[in-house]
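Here's the structure, in structure tokens; my notes come after.
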Amino acid sequence: MRRQMQSTPLSLVALLLLAGCVASPPPGERAPPPAIPDRFDAPAAAADIATPVDLSRWWTAWQDPALDALVQQALAANPGLREARARVDSARATVTMAESALYPTVAAGGAVWHAALDGHVSGLPGDMLQSYERARSGTGHIVGLGATWEPDIFGGARDDISAAASMVQVQENAERGARLTLVADIVENYQQAQGLRRRSAILQRSITEADQLTAYARARMRAGQATAADVSRAETAAAALKAEQGLLAALIDGRRRRLAVLAGATPETLVTLSDPALPIIPPAPTAQLPSDVLVRRPDVLAASAAVDARAAQFKGAHADLLPRFGINFVGQTG
């Protein structure tokens, strides 16, 4: 107690000295406030500028041939992707149909006929009878060519083309989103299966060591250096580890079946997995801003294109309220 009371004044003196050292400077000597920029840009690394990252095949960063084969098989066999591609083709055909409204419509037609009259008239003079015979039958034809063109004076047709083009972007980004979701699902299940296999290998080594410890405990009990309770604890620990084997095997089997379904095969198909002993972890992305990620997301791009399509459709509907003019040309002969 005496030492503590003697050290208290010294502590107060030290605190006062420290407070004097960190005292604020006079107002005239204060540093100016830091300048805050109007926007923040993440400095891109020199390597990223020289060699931009190719995100079209991002799953190859794991350098796993089995994973690459599964992804390629799924992209070729997945029915959802085929449906998405069909929607893209349909949207592109709609653009072609909308563009046709800017050009004239040409139509051609024709007809050929032959007519004959039944009946016979007698008692006519010779020249009249010949004229009547010639008039009993006849052949005729007619050929026509027509063209119609409606000038896009108020831009309604061009608005329809713009709306159709925006819908193509919507469907293309929807296809990209379906592709991204499929590949991400495959990569996630594949990496989970590999992680479970690594856990299973570690568990197997733990079981081997637990069996060795159980045998060691039994040997010590026979030598009189351990009790039956020690042997029972070792056996219980080994049994608990062995019970986890079935759970891990079921989880690995579930991941394999899901990978088979995603790849377009039946759940019973055996999926090949690479050796999980040496996993390769891709490097973390650098110089990425949230805004950069947003402009690459297919769902965001599809929503933006849908807004553009609706705006163009609104302008086209407004143009339908204005007068329309057409030019027609028809020519016939026969």
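As shown in the structure tokens, the chain order sets the letters A, B, ...; within each chain, residues go from 1, and ligands are also counted from 1 in the order they appear.
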
Quiz item: segment 139-146 of chain A: which residues within 7 Å, counting only C-alpha atoms, same-chain residues fewer than 5 positions away excluded, as a PyMOL selection string?
Solution: chain A and resi 106-115+329-334

Quiz item: Which is closest to Ala228 of chain A among A:Trp59, A:Thr214, A:Ser162, A:Leu322, if we use only C-alpha atoms?
Solution: A:Thr214

Quiz item: Within 12 Å of segment 258-260 of chain A, counting only C-alpha atoms, which residues qualify if same-chain residues fewer than 2 places away don't, as a ChimeraX atom specification?
Solution: /A:66-67,69-71,73-74,77-78,182-193,251-256,262-273

Quiz prompt | DSSP helix (DSSP H, G or I) residues within segment 40-288 of chain A, listed as an MDAnalysis selection string | solution = chainID A and resid 46:50 58:62 65:77 79:102 126:135 156:222 228:262

Extract, using only C-alpha atoms, all DNA, RNA and protein residues at most 9 Å from Glu235 of chain A, discarding same-chain residues fewer than 5 positions from it, and format them as a JSON list (two decimals) with N, CA and C atoms, in the first residue's frame.
```json
[["chain", "number", "residue", "atom", "x", "y", "z"],
["A", 210, "ALA", "N", -7.14, -42.15, -34.30],
["A", 210, "ALA", "CA", -7.99, -42.53, -33.17],
["A", 210, "ALA", "C", -7.93, -44.02, -32.91],
["A", 211, "ASP", "N", -7.89, -44.83, -33.98],
["A", 211, "ASP", "CA", -7.74, -46.28, -33.79],
["A", 211, "ASP", "C", -6.40, -46.62, -33.14],
["A", 213, "LEU", "N", -4.75, -44.64, -31.11],
["A", 213, "LEU", "CA", -4.85, -44.25, -29.70],
["A", 213, "LEU", "C", -5.68, -45.26, -28.90],
["A", 214, "THR", "N", -6.71, -45.81, -29.52],
["A", 214, "THR", "CA", -7.51, -46.83, -28.83],
["A", 214, "THR", "C", -6.68, -48.08, -28.55],
["A", 230, "ASP", "N", -10.54, -45.06, -19.49],
["A", 230, "ASP", "CA", -9.68, -44.46, -20.52],
["A", 230, "ASP", "C", -9.89, -45.14, -21.87],
["A", 240, "ALA", "N", -17.20, -41.71, -32.81],
["A", 240, "ALA", "CA", -17.79, -40.44, -33.25],
["A", 240, "ALA", "C", -17.19, -39.98, -34.57]]
```

Quiz item: Interatomic distance between atom CA of Pro298 of chain A and atom CA of Ser166 of chain A?
Solution: 13.8 Å

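Proximity to Ala93 of chain A was assessed for A:Pro32, A:Asp64, A:Met167, A:Leu241 counting only C-alpha atoms; the smallest distance is recorded for A:Met167.
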
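Distance-wise, atom CA of Leu248 of chain A and atom CA of Ser200 of chain A end up 6.5 Å apart.
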
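Distance check against Gly155 of chain A using only C-alpha atoms: of A:Ser56, A:Thr94, A:Gln313, A:Thr236, the minimum falls on A:Gln313.
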